[in-house]
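Shown here: entry.cif, mmCIF, N, CA and C atoms.
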data_query
#
loop_
_atom_site.label_atom_id
_atom_site.label_comp_id
_atom_site.auth_asym_id
_atom_site.auth_seq_id
_atom_site.Cartn_x
_atom_site.Cartn_y
_atom_site.Cartn_z
N MET A 20 0.85 -1.18 0.00
CA MET A 20 0.00 0.00 0.00
C MET A 20 0.89 1.23 0.00
N PRO A 21 0.64 2.24 -0.89
CA PRO A 21 1.49 3.42 -0.95
C PRO A 21 1.34 4.25 0.32
N PRO A 22 2.41 4.99 0.68
CA PRO A 22 2.32 5.81 1.88
C PRO A 22 1.30 6.92 1.72
N GLU A 23 0.69 7.29 2.83
CA GLU A 23 -0.30 8.38 2.84
C GLU A 23 0.41 9.69 2.52
N PRO A 24 -0.12 10.50 1.59
CA PRO A 24 0.53 11.77 1.28
C PRO A 24 0.54 12.68 2.50
N THR A 25 1.60 13.44 2.62
CA THR A 25 1.70 14.36 3.75
C THR A 25 0.90 15.62 3.46
N ALA A 26 0.39 16.21 4.51
CA ALA A 26 -0.40 17.44 4.35
C ALA A 26 0.56 18.63 4.21
N PRO A 27 0.21 19.58 3.36
CA PRO A 27 1.08 20.73 3.17
C PRO A 27 1.02 21.73 4.32
N VAL A 28 0.07 21.57 5.23
CA VAL A 28 -0.03 22.46 6.38
C VAL A 28 -0.13 21.63 7.66
N SER A 29 0.14 22.28 8.77
CA SER A 29 0.09 21.60 10.06
C SER A 29 -0.97 22.26 10.94
N ILE A 30 -1.19 21.66 12.08
CA ILE A 30 -2.12 22.24 13.05
C ILE A 30 -1.63 23.62 13.47
N ALA A 31 -0.31 23.78 13.58
CA ALA A 31 0.26 25.08 13.96
C ALA A 31 -0.07 26.15 12.93
N ASP A 32 -0.10 25.79 11.65
CA ASP A 32 -0.47 26.76 10.61
C ASP A 32 -1.90 27.25 10.80
N ILE A 33 -2.79 26.36 11.17
CA ILE A 33 -4.19 26.74 11.40
C ILE A 33 -4.28 27.60 12.66
N GLU A 34 -3.54 27.23 13.71
CA GLU A 34 -3.55 28.00 14.95
C GLU A 34 -3.09 29.43 14.71
N ILE A 35 -2.06 29.60 13.92
CA ILE A 35 -1.54 30.94 13.62
C ILE A 35 -2.60 31.77 12.91
N ARG A 36 -3.25 31.19 11.94
CA ARG A 36 -4.26 31.93 11.19
C ARG A 36 -5.51 32.23 12.02
N MET A 37 -5.84 31.37 12.97
CA MET A 37 -7.01 31.60 13.81
C MET A 37 -6.69 32.47 15.02
N GLY A 38 -5.42 32.61 15.34
CA GLY A 38 -5.03 33.44 16.46
C GLY A 38 -5.28 32.80 17.82
N ARG A 39 -5.32 31.47 17.85
CA ARG A 39 -5.50 30.76 19.12
C ARG A 39 -4.87 29.38 19.01
N THR A 40 -4.58 28.80 20.16
CA THR A 40 -4.05 27.44 20.17
C THR A 40 -5.17 26.46 20.48
N PHE A 41 -5.05 25.28 19.92
CA PHE A 41 -6.06 24.25 20.12
C PHE A 41 -5.74 23.44 21.37
N GLU A 42 -6.78 23.04 22.08
CA GLU A 42 -6.62 22.12 23.20
C GLU A 42 -6.27 20.75 22.63
N ASP A 43 -5.68 19.90 23.47
CA ASP A 43 -5.29 18.56 23.02
C ASP A 43 -6.48 17.77 22.49
N ALA A 44 -7.65 17.98 23.06
CA ALA A 44 -8.86 17.27 22.61
C ALA A 44 -9.32 17.72 21.23
N GLU A 45 -8.97 18.95 20.81
CA GLU A 45 -9.38 19.47 19.50
C GLU A 45 -8.44 19.06 18.37
N LYS A 46 -7.20 18.77 18.70
CA LYS A 46 -6.18 18.53 17.67
C LYS A 46 -6.49 17.37 16.73
N PRO A 47 -7.04 16.23 17.19
CA PRO A 47 -7.37 15.17 16.23
C PRO A 47 -8.41 15.61 15.20
N ARG A 48 -9.38 16.41 15.62
CA ARG A 48 -10.39 16.90 14.68
C ARG A 48 -9.76 17.82 13.64
N VAL A 49 -8.88 18.71 14.08
CA VAL A 49 -8.20 19.62 13.15
C VAL A 49 -7.32 18.83 12.19
N ALA A 50 -6.58 17.85 12.71
CA ALA A 50 -5.73 17.02 11.85
C ALA A 50 -6.56 16.26 10.82
N ALA A 51 -7.72 15.76 11.23
CA ALA A 51 -8.59 15.06 10.29
C ALA A 51 -9.11 16.00 9.22
N PHE A 52 -9.48 17.23 9.60
CA PHE A 52 -9.94 18.21 8.61
C PHE A 52 -8.82 18.56 7.64
N ILE A 53 -7.59 18.68 8.12
CA ILE A 53 -6.45 18.97 7.24
C ILE A 53 -6.28 17.84 6.24
N ALA A 54 -6.34 16.60 6.71
CA ALA A 54 -6.20 15.45 5.81
C ALA A 54 -7.34 15.39 4.80
N ASP A 55 -8.57 15.62 5.26
CA ASP A 55 -9.73 15.58 4.35
C ASP A 55 -9.67 16.69 3.31
N ALA A 56 -9.38 17.90 3.75
CA ALA A 56 -9.30 19.02 2.80
C ALA A 56 -8.15 18.81 1.82
N GLY A 57 -7.03 18.29 2.31
CA GLY A 57 -5.90 17.99 1.42
C GLY A 57 -6.27 16.97 0.36
N ALA A 58 -7.02 15.95 0.76
CA ALA A 58 -7.46 14.93 -0.20
C ALA A 58 -8.39 15.54 -1.25
N LEU A 59 -9.32 16.39 -0.81
CA LEU A 59 -10.23 17.04 -1.77
C LEU A 59 -9.46 17.94 -2.73
N LEU A 60 -8.46 18.65 -2.22
CA LEU A 60 -7.65 19.51 -3.10
C LEU A 60 -6.85 18.70 -4.10
N ARG A 61 -6.25 17.59 -3.64
CA ARG A 61 -5.49 16.73 -4.57
C ARG A 61 -6.39 16.19 -5.66
N GLU A 62 -7.60 15.78 -5.27
CA GLU A 62 -8.54 15.24 -6.25
C GLU A 62 -9.02 16.33 -7.22
N TYR A 63 -9.30 17.52 -6.69
CA TYR A 63 -9.81 18.60 -7.52
C TYR A 63 -8.75 19.11 -8.51
N CYS A 64 -7.51 19.20 -8.06
CA CYS A 64 -6.44 19.74 -8.91
C CYS A 64 -5.79 18.69 -9.80
N GLY A 65 -5.90 17.44 -9.43
CA GLY A 65 -5.32 16.38 -10.25
C GLY A 65 -3.81 16.47 -10.32
N SER A 66 -3.26 16.27 -11.50
CA SER A 66 -1.81 16.21 -11.68
C SER A 66 -1.13 17.56 -11.48
N ARG A 67 -1.88 18.64 -11.47
CA ARG A 67 -1.27 19.96 -11.30
C ARG A 67 -1.18 20.37 -9.83
N TYR A 68 -1.57 19.47 -8.93
CA TYR A 68 -1.50 19.74 -7.48
C TYR A 68 -0.04 19.82 -7.05
N SER A 69 0.29 20.86 -6.29
CA SER A 69 1.63 21.01 -5.75
C SER A 69 1.53 21.52 -4.32
N GLU A 70 2.04 20.73 -3.38
CA GLU A 70 1.97 21.13 -1.98
C GLU A 70 2.75 22.40 -1.69
N ASP A 71 3.72 22.71 -2.54
CA ASP A 71 4.56 23.89 -2.32
C ASP A 71 3.92 25.18 -2.80
N ALA A 72 2.83 25.09 -3.54
CA ALA A 72 2.19 26.30 -4.08
C ALA A 72 1.54 27.08 -2.94
N PRO A 73 1.89 28.37 -2.79
CA PRO A 73 1.30 29.17 -1.72
C PRO A 73 -0.22 29.24 -1.78
N ALA A 74 -0.78 29.28 -2.97
CA ALA A 74 -2.24 29.35 -3.11
C ALA A 74 -2.90 28.08 -2.59
N ILE A 75 -2.28 26.94 -2.82
CA ILE A 75 -2.82 25.66 -2.33
C ILE A 75 -2.82 25.67 -0.80
N ARG A 76 -1.72 26.11 -0.21
CA ARG A 76 -1.63 26.18 1.25
C ARG A 76 -2.69 27.13 1.81
N ALA A 77 -2.86 28.27 1.17
CA ALA A 77 -3.84 29.26 1.65
C ALA A 77 -5.26 28.72 1.56
N VAL A 78 -5.59 28.07 0.45
CA VAL A 78 -6.93 27.51 0.29
C VAL A 78 -7.16 26.39 1.30
N LEU A 79 -6.18 25.53 1.50
CA LEU A 79 -6.32 24.45 2.46
C LEU A 79 -6.58 25.00 3.87
N CYS A 80 -5.81 26.00 4.27
CA CYS A 80 -6.02 26.60 5.60
C CYS A 80 -7.40 27.24 5.70
N SER A 81 -7.81 27.97 4.67
CA SER A 81 -9.12 28.63 4.74
C SER A 81 -10.27 27.63 4.78
N GLU A 82 -10.14 26.52 4.05
CA GLU A 82 -11.19 25.51 4.08
C GLU A 82 -11.27 24.84 5.46
N VAL A 83 -10.13 24.54 6.07
CA VAL A 83 -10.14 23.93 7.40
C VAL A 83 -10.77 24.88 8.41
N ILE A 84 -10.41 26.16 8.34
CA ILE A 84 -10.99 27.15 9.25
C ILE A 84 -12.50 27.25 9.03
N ARG A 85 -12.93 27.22 7.78
CA ARG A 85 -14.37 27.27 7.47
C ARG A 85 -15.07 26.05 8.04
N TRP A 86 -14.50 24.88 7.87
CA TRP A 86 -15.10 23.65 8.39
C TRP A 86 -15.18 23.67 9.91
N LEU A 87 -14.16 24.24 10.56
CA LEU A 87 -14.16 24.32 12.02
C LEU A 87 -15.26 25.25 12.54
N SER A 88 -15.64 26.23 11.74
CA SER A 88 -16.62 27.21 12.20
C SER A 88 -18.07 26.80 11.95
N VAL A 89 -18.27 25.73 11.17
CA VAL A 89 -19.62 25.27 10.86
C VAL A 89 -20.02 24.18 11.84
N GLN A 90 -21.18 24.31 12.41
CA GLN A 90 -21.69 23.31 13.34
C GLN A 90 -22.37 22.19 12.54
N PRO A 91 -22.20 20.94 12.95
CA PRO A 91 -22.85 19.83 12.23
C PRO A 91 -24.37 19.98 12.24
N GLY A 92 -24.97 19.71 11.09
CA GLY A 92 -26.42 19.78 10.98
C GLY A 92 -26.95 21.11 10.50
N ILE A 93 -26.12 22.15 10.47
CA ILE A 93 -26.58 23.46 10.02
C ILE A 93 -26.32 23.60 8.53
N ILE A 94 -27.38 23.87 7.77
CA ILE A 94 -27.25 24.05 6.33
C ILE A 94 -26.85 25.48 6.01
N SER A 95 -27.53 26.45 6.61
CA SER A 95 -27.19 27.85 6.38
C SER A 95 -27.51 28.66 7.62
N GLU A 96 -26.86 29.81 7.71
CA GLU A 96 -27.02 30.67 8.86
C GLU A 96 -26.95 32.11 8.38
N ARG A 97 -27.84 32.95 8.86
CA ARG A 97 -27.84 34.35 8.46
C ARG A 97 -27.83 35.19 9.73
N THR A 98 -27.03 36.23 9.76
CA THR A 98 -26.92 37.05 10.96
C THR A 98 -28.05 38.05 11.07
N GLY A 99 -28.38 38.76 10.00
CA GLY A 99 -29.49 39.73 10.03
C GLY A 99 -30.80 39.02 10.27
N ASP A 100 -31.53 39.37 11.28
CA ASP A 100 -32.78 38.75 11.71
C ASP A 100 -32.58 37.30 12.16
N MET A 101 -31.39 36.93 12.47
CA MET A 101 -31.02 35.65 13.07
C MET A 101 -31.79 34.45 12.52
N GLN A 102 -31.40 33.95 11.37
CA GLN A 102 -32.04 32.80 10.76
C GLN A 102 -31.03 31.65 10.68
N VAL A 103 -31.41 30.48 11.14
CA VAL A 103 -30.58 29.27 11.06
C VAL A 103 -31.44 28.19 10.44
N GLU A 104 -30.88 27.49 9.45
CA GLU A 104 -31.60 26.40 8.79
C GLU A 104 -30.89 25.10 9.08
N TYR A 105 -31.61 24.14 9.63
CA TYR A 105 -31.04 22.84 9.98
C TYR A 105 -31.47 21.79 8.97
N GLY A 106 -30.64 20.80 8.79
CA GLY A 106 -30.98 19.70 7.90
C GLY A 106 -30.20 18.46 8.26
N ALA A 107 -30.74 17.33 7.93
CA ALA A 107 -30.09 16.06 8.26
C ALA A 107 -28.89 15.78 7.37
N THR A 108 -28.85 16.38 6.18
CA THR A 108 -27.78 16.05 5.25
C THR A 108 -26.76 17.16 5.10
N ALA A 109 -26.72 18.09 6.03
CA ALA A 109 -25.76 19.19 5.94
C ALA A 109 -24.34 18.64 6.04
N SER A 110 -23.48 19.09 5.15
CA SER A 110 -22.09 18.67 5.17
C SER A 110 -21.21 19.84 4.80
N ALA A 111 -20.33 20.19 5.70
CA ALA A 111 -19.41 21.29 5.44
C ALA A 111 -18.17 20.82 4.71
N GLN A 112 -17.96 19.51 4.62
CA GLN A 112 -16.75 18.98 4.07
C GLN A 112 -16.78 18.89 2.54
N THR A 113 -16.94 20.03 1.93
CA THR A 113 -16.81 20.16 0.48
C THR A 113 -16.01 21.42 0.22
N LEU A 114 -15.46 21.53 -0.96
CA LEU A 114 -14.74 22.76 -1.31
C LEU A 114 -15.75 23.86 -1.60
N SER A 115 -15.50 25.01 -1.03
CA SER A 115 -16.40 26.15 -1.24
C SER A 115 -16.23 26.70 -2.65
N PRO A 116 -17.22 27.46 -3.13
CA PRO A 116 -17.06 28.09 -4.45
C PRO A 116 -15.84 29.01 -4.51
N ALA A 117 -15.52 29.68 -3.41
CA ALA A 117 -14.33 30.55 -3.39
C ALA A 117 -13.05 29.72 -3.54
N ALA A 118 -13.00 28.56 -2.90
CA ALA A 118 -11.83 27.69 -3.02
C ALA A 118 -11.69 27.18 -4.44
N ARG A 119 -12.80 26.78 -5.04
CA ARG A 119 -12.75 26.30 -6.43
C ARG A 119 -12.28 27.39 -7.38
N ALA A 120 -12.72 28.61 -7.15
CA ALA A 120 -12.29 29.72 -8.00
C ALA A 120 -10.80 29.99 -7.82
N SER A 121 -10.32 29.91 -6.59
CA SER A 121 -8.89 30.13 -6.33
C SER A 121 -8.01 29.06 -6.93
N LEU A 122 -8.54 27.85 -7.04
CA LEU A 122 -7.76 26.72 -7.55
C LEU A 122 -7.90 26.52 -9.06
N LYS A 123 -8.61 27.40 -9.72
CA LYS A 123 -8.88 27.22 -11.15
C LYS A 123 -7.61 27.03 -11.96
N ARG A 124 -6.56 27.76 -11.63
CA ARG A 124 -5.31 27.65 -12.41
C ARG A 124 -4.61 26.32 -12.22
N TYR A 125 -4.97 25.59 -11.16
CA TYR A 125 -4.34 24.30 -10.89
C TYR A 125 -5.12 23.12 -11.48
N ARG A 126 -6.28 23.40 -12.05
CA ARG A 126 -7.10 22.35 -12.65
C ARG A 126 -6.52 21.95 -14.00
N PRO A 127 -6.65 20.68 -14.35
CA PRO A 127 -6.23 20.27 -15.69
C PRO A 127 -7.09 20.99 -16.73
N ARG A 128 -6.45 21.42 -17.77
CA ARG A 128 -7.17 22.14 -18.81
C ARG A 128 -7.68 21.17 -19.86
N LEU A 129 -8.86 21.45 -20.35
CA LEU A 129 -9.43 20.66 -21.41
C LEU A 129 -9.28 21.39 -22.73
N GLY A 130 -9.17 20.67 -23.76
CA GLY A 130 -9.05 21.27 -25.08
C GLY A 130 -9.79 20.42 -26.10
N SER A 131 -9.87 20.93 -27.29
CA SER A 131 -10.51 20.18 -28.35
C SER A 131 -9.61 20.18 -29.58
N ILE A 132 -9.76 19.15 -30.34
CA ILE A 132 -8.98 19.00 -31.56
C ILE A 132 -9.99 18.87 -32.70
N PRO A 133 -9.91 19.79 -33.66
CA PRO A 133 -10.84 19.67 -34.78
C PRO A 133 -10.46 18.47 -35.66
N LEU A 134 -11.43 17.71 -36.04
CA LEU A 134 -11.22 16.56 -36.92
C LEU A 134 -11.78 16.88 -38.29
N VAL A 135 -10.96 16.70 -39.28
CA VAL A 135 -11.38 16.98 -40.66
C VAL A 135 -11.24 15.69 -41.45
N ARG A 136 -12.24 15.41 -42.21
CA ARG A 136 -12.21 14.19 -43.01
C ARG A 136 -11.99 14.52 -44.45
#

Spit out the file's structure as structure tokens when you get a sec.
Amino acid sequence: MPPEPTAPVSIADIEIRMGRTFEDAEKPRVAAFIADAGALLREYCGSRYSEDAPAIRAVLCSEVIRWLSVQPGIISERTGDMQVEYGATASAQTLSPAARASLKRYRPRLGSIPLVR
């Protein structure tokens, strides 16, 4: 079995960006989110994925922070007039539209070849 790919960011990277340190009980959850987000990024970017790319690191950190801030079961939340929508299938573990837009340059490009007979 091939070795598990290493994550381009660490728990310390997330702590720095959030401005707080995680308790020992929180660290496994953060590590799991880093691994999950890294896997989604590798899958989304395909062969153009590079752990050394600053944009990849930034997107990975922002997605983990976003996932940490979403409570399980909440589909959407609005601050004005305090509206919260709950659902059984809510899942925060997907790449956000902003992340997909930021990673556009790392996606494999498609092209077409005209065929003439």

What is the atom CA of A:Thr113 to atom C of A:Tyr68 distance in Å?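 So the two atoms, atom CA of A:Thr113 and atom C of A:Tyr68, lie 18.4 Å apart.
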
Using the chain letters and residue numbers of this document, give as a PDB file with N, CA and C atoms, keeping the file's coordinate frame the residues selected by the PyMOL selection byres (((chain A and resi 86 and name CA) around 10) and name CA).
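Result file result_15.pdb:
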ATOM      1  N   VAL A  49      -8.880  18.710  14.080  1.00  0.00           N
ATOM      2  CA  VAL A  49      -8.200  19.620  13.150  1.00  0.00           C
ATOM      3  C   VAL A  49      -7.320  18.830  12.190  1.00  0.00           C
ATOM      4  N   PHE A  52      -9.480  17.230   9.600  1.00  0.00           N
ATOM      5  CA  PHE A  52      -9.940  18.210   8.610  1.00  0.00           C
ATOM      6  C   PHE A  52      -8.820  18.560   7.640  1.00  0.00           C
ATOM      7  N   ILE A  53      -7.590  18.680   8.120  1.00  0.00           N
ATOM      8  CA  ILE A  53      -6.450  18.970   7.240  1.00  0.00           C
ATOM      9  C   ILE A  53      -6.280  17.840   6.240  1.00  0.00           C
ATOM     10  N   ALA A  56      -9.380  17.900   3.750  1.00  0.00           N
ATOM     11  CA  ALA A  56      -9.300  19.020   2.800  1.00  0.00           C
ATOM     12  C   ALA A  56      -8.150  18.810   1.820  1.00  0.00           C
ATOM     13  N   CYS A  80      -5.810  26.000   4.270  1.00  0.00           N
ATOM     14  CA  CYS A  80      -6.020  26.600   5.600  1.00  0.00           C
ATOM     15  C   CYS A  80      -7.400  27.240   5.700  1.00  0.00           C
ATOM     16  N   SER A  81      -7.810  27.970   4.670  1.00  0.00           N
ATOM     17  CA  SER A  81      -9.120  28.630   4.740  1.00  0.00           C
ATOM     18  C   SER A  81     -10.270  27.630   4.780  1.00  0.00           C
ATOM     19  N   GLU A  82     -10.140  26.520   4.050  1.00  0.00           N
ATOM     20  CA  GLU A  82     -11.190  25.510   4.080  1.00  0.00           C
ATOM     21  C   GLU A  82     -11.270  24.840   5.460  1.00  0.00           C
ATOM     22  N   VAL A  83     -10.130  24.540   6.070  1.00  0.00           N
ATOM     23  CA  VAL A  83     -10.140  23.930   7.400  1.00  0.00           C
ATOM     24  C   VAL A  83     -10.770  24.880   8.410  1.00  0.00           C
ATOM     25  N   ILE A  84     -10.410  26.160   8.340  1.00  0.00           N
ATOM     26  CA  ILE A  84     -10.990  27.150   9.250  1.00  0.00           C
ATOM     27  C   ILE A  84     -12.500  27.250   9.030  1.00  0.00           C
ATOM     28  N   ARG A  85     -12.930  27.220   7.780  1.00  0.00           N
ATOM     29  CA  ARG A  85     -14.370  27.270   7.470  1.00  0.00           C
ATOM     30  C   ARG A  85     -15.070  26.050   8.040  1.00  0.00           C
ATOM     31  N   LEU A  87     -14.160  24.240  10.560  1.00  0.00           N
ATOM     32  CA  LEU A  87     -14.160  24.320  12.020  1.00  0.00           C
ATOM     33  C   LEU A  87     -15.260  25.250  12.540  1.00  0.00           C
ATOM     34  N   SER A  88     -15.640  26.230  11.740  1.00  0.00           N
ATOM     35  CA  SER A  88     -16.620  27.210  12.200  1.00  0.00           C
ATOM     36  C   SER A  88     -18.070  26.800  11.950  1.00  0.00           C
ATOM     37  N   VAL A  89     -18.270  25.730  11.170  1.00  0.00           N
ATOM     38  CA  VAL A  89     -19.620  25.270  10.860  1.00  0.00           C
ATOM     39  C   VAL A  89     -20.020  24.180  11.840  1.00  0.00           C
ATOM     40  N   GLN A  90     -21.180  24.310  12.410  1.00  0.00           N
ATOM     41  CA  GLN A  90     -21.690  23.310  13.340  1.00  0.00           C
ATOM     42  C   GLN A  90     -22.370  22.190  12.540  1.00  0.00           C
ATOM     43  N   PRO A  91     -22.200  20.940  12.950  1.00  0.00           N
ATOM     44  CA  PRO A  91     -22.850  19.830  12.230  1.00  0.00           C
ATOM     45  C   PRO A  91     -24.370  19.980  12.240  1.00  0.00           C
ATOM     46  N   SER A 110     -23.480  19.090   5.150  1.00  0.00           N
ATOM     47  CA  SER A 110     -22.090  18.670   5.170  1.00  0.00           C
ATOM     48  C   SER A 110     -21.210  19.840   4.800  1.00  0.00           C
ATOM     49  N   ALA A 111     -20.330  20.190   5.700  1.00  0.00           N
ATOM     50  CA  ALA A 111     -19.410  21.290   5.440  1.00  0.00           C
ATOM     51  C   ALA A 111     -18.170  20.820   4.710  1.00  0.00           C
ATOM     52  N   GLN A 112     -17.960  19.510   4.620  1.00  0.00           N
ATOM     53  CA  GLN A 112     -16.750  18.980   4.070  1.00  0.00           C
ATOM     54  C   GLN A 112     -16.780  18.890   2.540  1.00  0.00           C
ATOM     55  N   THR A 113     -16.940  20.030   1.930  1.00  0.00           N
ATOM     56  CA  THR A 113     -16.810  20.160   0.480  1.00  0.00           C
ATOM     57  C   THR A 113     -16.010  21.420   0.220  1.00  0.00           C
ATOM     58  N   LEU A 114     -15.460  21.530  -0.960  1.00  0.00           N
ATOM     59  CA  LEU A 114     -14.740  22.760  -1.310  1.00  0.00           C
ATOM     60  C   LEU A 114     -15.750  23.860  -1.600  1.00  0.00           C
TER      61      LEU A 114
END

Mind giving me the straight-line distance from atom CA of A:Ala50 to atom CA of A:Val78 in Å, one decimal?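 These two atoms are separated by 15.7 Å.
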
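What separates atom CA of A:Ile132 from atom CA of A:Tyr63 is a distance of 24.1 Å.
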